[in-house]
>>> print(open('data.csv').read())   # CSV, C-alpha atoms
chain,number,residue,atom,x,y,z
V,251,MET,CA,-60.3,-50.0,84.0
V,252,TYR,CA,-59.9,-46.3,83.5
V,253,VAL,CA,-63.1,-44.3,82.9
V,254,PRO,CA,-62.6,-40.7,81.7
V,255,THR,CA,-64.3,-38.1,83.8
V,256,ARG,CA,-66.7,-35.7,82.4
V,257,SER,CA,-64.2,-32.9,82.5
V,258,ALA,CA,-61.6,-35.0,80.6
V,259,ARG,CA,-64.2,-35.8,77.9
V,260,THR,CA,-65.0,-32.1,77.6
V,261,ARG,CA,-61.3,-31.2,77.2
V,262,THR,CA,-60.8,-33.9,74.5
V,263,ALA,CA,-63.9,-32.8,72.6
V,264,SER,CA,-62.7,-29.2,72.7
V,265,ARG,CA,-59.3,-30.2,71.3
V,266,VAL,CA,-60.8,-32.2,68.5
V,267,PHE,CA,-63.1,-29.2,67.6
V,268,ALA,CA,-60.2,-26.8,67.7
V,269,LEU,CA,-58.1,-29.0,65.4
V,270,ALA,CA,-61.0,-29.4,63.0
V,271,ALA,CA,-61.5,-25.6,62.9
V,272,VAL,CA,-57.8,-25.1,62.2
V,273,ALA,CA,-57.9,-27.7,59.4
V,274,ALA,CA,-61.0,-26.0,57.9
V,275,ILE,CA,-59.4,-22.6,58.0
V,276,THR,CA,-56.2,-23.9,56.5
V,277,LEU,CA,-58.1,-25.7,53.6
V,278,ALA,CA,-60.1,-22.6,53.0
V,279,ALA,CA,-57.0,-20.4,52.8
V,280,CYS,CA,-55.3,-22.8,50.4
V,281,GLY,CA,-58.4,-22.9,48.3
V,282,ASP,CA,-58.5,-19.1,48.1
V,283,ASP,CA,-54.8,-19.1,47.1
V,284,ASP,CA,-55.5,-21.6,44.3
V,285,ASP,CA,-58.4,-19.6,43.1
V,286,SER,CA,-56.4,-16.4,43.1
V,287,ALA,CA,-53.5,-18.1,41.3
V,288,SER,CA,-55.8,-19.6,38.7
V,289,SER,CA,-57.6,-16.4,38.0
V,290,ALA,CA,-54.4,-14.3,37.9
V,291,THR,CA,-52.9,-13.7,34.5
V,292,THR,CA,-49.3,-13.1,33.7
V,293,ALA,CA,-48.2,-11.2,30.6
V,294,PRO,CA,-46.4,-13.5,28.2
V,295,ALA,CA,-42.7,-13.0,28.0
V,296,ALA,CA,-41.6,-10.9,25.1
V,297,THR,CA,-40.1,-12.8,22.3
V,298,VAL,CA,-37.1,-11.6,20.4
V,299,ALA,CA,-36.8,-12.3,16.7
V,300,PRO,CA,-33.6,-14.0,15.7
V,301,ALA,CA,-31.0,-11.8,14.0
V,302,PRO,CA,-31.1,-12.1,10.3
V,303,THR,CA,-28.4,-14.2,8.8
V,304,GLU,CA,-26.9,-14.4,5.3
V,305,ALA,CA,-27.3,-17.7,3.6
V,306,PRO,CA,-24.0,-19.2,2.9
V,307,ALA,CA,-23.2,-19.6,-0.8
V,308,THR,CA,-22.8,-23.3,-0.7
V,309,THR,CA,-24.8,-26.2,-1.9
V,310,ASN,CA,-22.3,-29.0,-1.8
V,311,ASP,CA,-18.9,-29.9,-0.4
V,312,ARG,CA,-17.2,-27.7,-3.0
V,313,GLY,CA,-19.7,-24.9,-2.6
V,314,LEU,CA,-22.1,-23.1,-4.9
V,315,TYR,CA,-21.0,-23.5,-8.6
V,316,GLY,CA,-17.6,-24.8,-7.5
V,317,SER,CA,-16.9,-22.2,-4.9
V,318,SER,CA,-15.1,-23.3,-1.7
V,319,GLY,CA,-17.7,-21.7,0.5
V,320,GLY,CA,-17.9,-18.3,2.0
V,321,THR,CA,-20.8,-15.9,2.3
V,322,ALA,CA,-22.6,-14.8,-0.8
V,323,THR,CA,-21.6,-11.3,-2.1
V,324,THR,CA,-24.0,-10.0,-4.7
V,325,ALA,CA,-22.2,-6.7,-5.4
V,326,ALA,CA,-18.9,-6.4,-7.1
V,327,PRO,CA,-16.1,-4.7,-5.0
V,328,ALA,CA,-16.4,-1.0,-5.2
V,329,GLY,CA,-14.2,1.0,-7.5
V,330,ALA,CA,-13.2,-2.0,-9.7
V,331,GLU,CA,-15.8,-1.8,-12.5
V,332,GLY,CA,-14.6,-1.8,-16.1
V,333,VAL,CA,-10.8,-1.9,-15.5
V,334,VAL,CA,-8.5,-4.9,-16.0
V,335,LYS,CA,-4.9,-5.0,-14.9
V,336,ILE,CA,-2.1,-7.5,-14.5
V,337,ALA,CA,-0.6,-8.4,-11.2
V,338,ASP,CA,1.7,-11.0,-9.7
V,339,SER,CA,0.3,-13.8,-7.6
V,340,SER,CA,1.2,-17.2,-6.3
V,341,LEU,CA,0.0,-18.5,-9.7
V,342,GLY,CA,2.2,-16.1,-11.6
V,343,LYS,CA,0.8,-13.1,-13.5
V,344,VAL,CA,-3.0,-12.9,-13.4
V,345,LEU,CA,-5.7,-10.5,-14.5
V,346,VAL,CA,-7.1,-8.4,-11.7
V,347,ALA,CA,-9.6,-5.5,-11.3
V,348,ALA,CA,-8.5,-2.0,-10.5
V,349,ASN,CA,-8.7,-2.8,-6.8
V,350,GLY,CA,-6.2,-5.6,-7.2
V,351,MET,CA,-8.8,-8.4,-6.7
V,352,THR,CA,-8.2,-11.5,-8.9
V,353,LEU,CA,-10.5,-12.1,-11.9
V,354,TYR,CA,-11.7,-15.6,-12.9
V,355,LEU,CA,-13.3,-17.2,-15.9
V,356,PHE,CA,-16.0,-19.8,-15.7
V,357,MET,CA,-15.5,-22.7,-18.1
V,358,PRO,CA,-19.2,-23.3,-19.0
V,359,ASP,CA,-19.2,-19.7,-20.4
V,360,ALA,CA,-17.1,-21.2,-23.3
V,361,GLN,CA,-16.1,-17.7,-24.4
V,362,GLY,CA,-19.7,-16.6,-24.9
V,363,ASP,CA,-22.4,-14.9,-22.8
V,364,PRO,CA,-22.2,-15.1,-19.0
V,365,THR,CA,-23.9,-18.2,-17.6
V,366,CYS,CA,-23.1,-17.6,-13.9
V,367,THR,CA,-26.1,-15.5,-13.0
V,368,ALA,CA,-28.7,-15.3,-10.2
V,369,ALA,CA,-27.6,-17.5,-7.2
V,370,CYS,CA,-24.2,-18.3,-8.9
V,371,ALA,CA,-23.4,-14.6,-9.0
V,372,GLY,CA,-23.7,-14.4,-5.2
V,373,ALA,CA,-20.4,-16.3,-4.9
V,374,TRP,CA,-18.9,-15.1,-8.2
V,375,PRO,CA,-19.9,-11.5,-8.8
V,376,PRO,CA,-19.4,-10.2,-12.4
V,377,LEU,CA,-16.9,-7.5,-13.3
V,378,THR,CA,-19.2,-4.9,-14.9
V,379,VAL,CA,-19.1,-1.6,-16.6
V,380,ALA,CA,-21.8,1.1,-16.8
V,381,ASP,CA,-23.9,1.2,-20.0
V,382,GLY,CA,-21.9,3.0,-22.7
V,383,ALA,CA,-18.7,3.2,-20.6
V,384,ALA,CA,-15.4,2.1,-22.1
V,385,VAL,CA,-13.5,-0.9,-20.7
V,386,SER,CA,-9.9,-0.1,-20.1
V,387,GLY,CA,-6.7,-2.0,-19.4
V,388,GLY,CA,-3.5,-1.4,-17.5
V,389,ASP,CA,0.1,-2.1,-18.6
V,390,GLY,CA,0.5,-5.4,-20.4
V,391,VAL,CA,-3.3,-5.9,-21.0
V,392,ASP,CA,-4.1,-6.5,-24.6
V,393,ALA,CA,-6.8,-3.9,-25.3
V,394,ALA,CA,-7.9,-5.9,-28.4
V,395,LEU,CA,-9.0,-8.7,-26.1
V,396,LEU,CA,-11.2,-6.4,-24.0
V,397,ALA,CA,-15.0,-6.2,-24.6
V,398,THR,CA,-18.3,-6.7,-22.9
V,399,ALA,CA,-21.1,-9.3,-23.0
V,400,ALA,CA,-24.7,-9.0,-21.9
V,401,ASN,CA,-25.3,-10.2,-18.4
V,402,PRO,CA,-29.1,-10.5,-17.8
V,403,ASP,CA,-28.8,-9.5,-14.1
V,404,ALA,CA,-26.0,-7.0,-14.0
V,405,GLY,CA,-25.8,-5.3,-17.4
V,406,PRO,CA,-22.6,-5.2,-19.5
V,407,GLN,CA,-20.0,-7.6,-18.1
V,408,VAL,CA,-16.3,-7.2,-19.0
V,409,THR,CA,-14.8,-9.9,-21.1
V,410,TYR,CA,-11.2,-10.7,-21.9
V,411,ASN,CA,-10.4,-13.0,-24.9
V,412,GLY,CA,-14.1,-13.7,-25.0
V,413,TRP,CA,-14.3,-14.9,-21.4
V,414,PRO,CA,-16.7,-13.0,-19.0
V,415,MET,CA,-14.7,-11.9,-16.0
V,416,TYR,CA,-15.8,-12.6,-12.4
V,417,TYR,CA,-14.6,-12.0,-8.8
V,418,PHE,CA,-14.7,-14.7,-6.1
V,419,SER,CA,-16.4,-13.8,-2.8
V,420,GLY,CA,-13.9,-16.1,-1.0
V,421,ASP,CA,-11.1,-13.7,-1.9
V,422,SER,CA,-10.7,-11.0,0.7
V,423,ALA,CA,-7.5,-9.2,-0.3
V,424,PRO,CA,-5.6,-8.3,-3.4
V,425,GLY,CA,-3.4,-11.3,-4.4
V,426,ASP,CA,-5.8,-13.9,-3.1
V,427,VAL,CA,-6.5,-16.7,-5.5
V,428,ASN,CA,-8.8,-18.8,-3.4
V,429,GLY,CA,-11.1,-19.5,-6.3
V,430,GLU,CA,-8.5,-21.1,-8.5
V,431,GLY,CA,-9.6,-24.5,-9.7
V,432,SER,CA,-12.8,-24.5,-7.7
V,433,GLY,CA,-15.1,-27.3,-8.9
V,434,GLY,CA,-12.8,-27.8,-11.8
V,435,VAL,CA,-14.6,-24.9,-13.6
V,436,TRP,CA,-13.2,-21.7,-12.2
V,437,TYR,CA,-9.7,-20.4,-13.1
V,438,ALA,CA,-7.7,-17.3,-12.7
V,439,VAL,CA,-6.8,-15.8,-16.1
V,440,ASP,CA,-3.3,-15.2,-17.5
V,441,PRO,CA,-2.4,-12.1,-19.5
V,442,THR,CA,-3.1,-13.9,-22.8
V,443,GLY,CA,-6.7,-14.5,-21.7
V,444,ASN,CA,-6.4,-18.2,-21.0
V,445,PRO,CA,-7.2,-20.1,-17.9
V,446,ILE,CA,-4.4,-20.9,-15.5
V,447,ASP,CA,-4.7,-24.6,-14.8
V,448,ASN,CA,-1.8,-25.9,-12.8
V,449,ASP,CA,-3.4,-29.3,-12.1
>>> encode(input="data.csv", output="structure tokens")
Amino acid sequence: MYVPTRSARTRTASRVFALAAVAAITLAACGDDDDSASSATTAPAATVAPAPTEAPATTNDRGLYGSSGGTATTAAPAGAEGVVKIADSSLGKVLVAANGMTLYLFMPDAQGDPTCTAACAGAWPPLTVADGAAVSGGDGVDAALLATAANPDAGPQVTYNGWPMYYFSGDSAPGDVNGEGSGGVWYAVDPTGNPIDND
């Protein structure tokens, strides 16, 4: 049977003590790191607000008030106020503003005061004229059919044959007739002042 000598026991005890000391130092060091980490504060990351977006002018599959979608445009196209002309389009001759953009009528207006106001006017801006300014017409436009009606949001709105005139925000260039027939209530207007309904 092996019996360790005194010197062997001393070496073993020294090794155990040394390992215990190393373990204690390691644990202490880890504990200090944890304390440092827990006491350290980090500045929160800066947050960036999302870019503002325009609400689309749609509330159903046909869009707001019969529009086929597009982004709301609350202002009428520049340079087109108070002037009505006639131009050729894929629908035939239609009424347009001075800038060539197609004009539309809204059947619920029933040749009376404008009823497309507030949110509706975002998709279908009115053709307006300044207070006291005359409405004028180009070649072929019947001046006797030109007048204005009171729009509660936009002031005097141009009418033709009693129908308040509107643009469509989904038209982007002269000759566009993207609003034609929208929702079964929006129609381009012929030179006699009647809706063009090709359905």
>>> atom_distance(input="data.csv", atom1="atom CA of Ala384 of chain V", atom2="atom CA of Ala399 of chain V")
12.8 Å
>>> atom_distance(input="data.csv", atom1="atom CA of Val334 of chain V", atom2="atom CA of Ala360 of chain V")
19.8 Å
>>> residues_around(input="data.csv", residues="Ile336 of chain V", least_positions_apart="2", cutoff="9 Å", atoms="all atoms listed in the file", output="PyMOL selection string")
chain V and resi 334+338+343-347+350+387-391+440-441
>>> atom_distance(input="data.csv", atom1="atom CA of Tyr437 of chain V", atom2="atom CA of Thr365 of chain V")
15.1 Å
>>> closest_residue(input="data.csv", among="V:Gly342, V:Gly443, V:Gly434, V:Pro364", to="Pro406 of chain V", atoms="only C-alpha atoms")
V:Pro364
>>> closest_residue(input="data.csv", among="V:Phe418, V:Ala337, V:Asn411, V:Pro358", to="Pro375 of chain V", atoms="all atoms listed in the file")
V:Phe418
>>> closest_residue(input="data.csv", among="V:Leu396, V:Cys370, V:Leu355, V:Gly362", to="Gly429 of chain V", atoms="all atoms listed in the file")
V:Leu355
>>> closest_residue(input="data.csv", among="V:Pro424, V:Gly372, V:Pro402, V:Gly431", to="Phe356 of chain V", atoms="all atoms listed in the file")
V:Gly431
>>> closest_residue(input="data.csv", among="V:Thr352, V:Ala397, V:Thr378, V:Val333", to="Val427 of chain V", atoms="all atoms listed in the file")
V:Thr352
>>> closest_residue(input="data.csv", among="V:Ala368, V:Leu341, V:Lys335, V:Trp436", to="Ala393 of chain V", atoms="all atoms listed in the file")
V:Lys335
>>> decode(input="data.csv", residues="segment 334-360 of chain V", atoms="C-alpha atoms", output="mmCIF file, in the first residue's frame")
data_model
loop_
_atom_site.group_PDB
_atom_site.id
_atom_site.type_symbol
_atom_site.label_atom_id
_atom_site.label_comp_id
_atom_site.auth_asym_id
_atom_site.auth_seq_id
_atom_site.Cartn_x
_atom_site.Cartn_y
_atom_site.Cartn_z
ATOM 1 C CA VAL V 334 -63.089 77.128 -69.360
ATOM 2 C CA LYS V 335 -62.042 75.832 -72.780
ATOM 3 C CA ILE V 336 -62.841 72.940 -75.087
ATOM 4 C CA ALA V 337 -60.272 70.293 -76.028
ATOM 5 C CA ASP V 338 -60.130 66.946 -77.773
ATOM 6 C CA SER V 339 -59.751 63.795 -75.687
ATOM 7 C CA SER V 340 -60.266 60.058 -76.001
ATOM 8 C CA LEU V 341 -63.898 60.776 -75.033
ATOM 9 C CA GLY V 342 -64.345 63.378 -77.774
ATOM 10 C CA LYS V 343 -64.575 67.100 -77.065
ATOM 11 C CA VAL V 344 -64.545 67.907 -73.352
ATOM 12 C CA LEU V 345 -64.399 70.974 -71.134
ATOM 13 C CA VAL V 346 -60.941 71.764 -69.770
ATOM 14 C CA ALA V 347 -59.356 74.495 -67.668
ATOM 15 C CA ALA V 348 -56.851 77.002 -69.072
ATOM 16 C CA ASN V 349 -54.001 74.560 -68.339
ATOM 17 C CA GLY V 350 -55.696 71.836 -70.414
ATOM 18 C CA MET V 351 -56.730 69.666 -67.459
ATOM 19 C CA THR V 352 -60.084 67.931 -67.876
ATOM 20 C CA LEU V 353 -63.063 69.251 -65.924
ATOM 21 C CA TYR V 354 -65.685 66.987 -64.367
ATOM 22 C CA LEU V 355 -69.158 67.260 -62.911
ATOM 23 C CA PHE V 356 -70.447 65.448 -59.835
ATOM 24 C CA MET V 357 -73.928 63.977 -60.281
ATOM 25 C CA PRO V 358 -75.053 64.582 -56.662
ATOM 26 C CA ASP V 359 -74.587 68.338 -57.266
ATOM 27 C CA ALA V 360 -77.694 68.101 -59.481
#
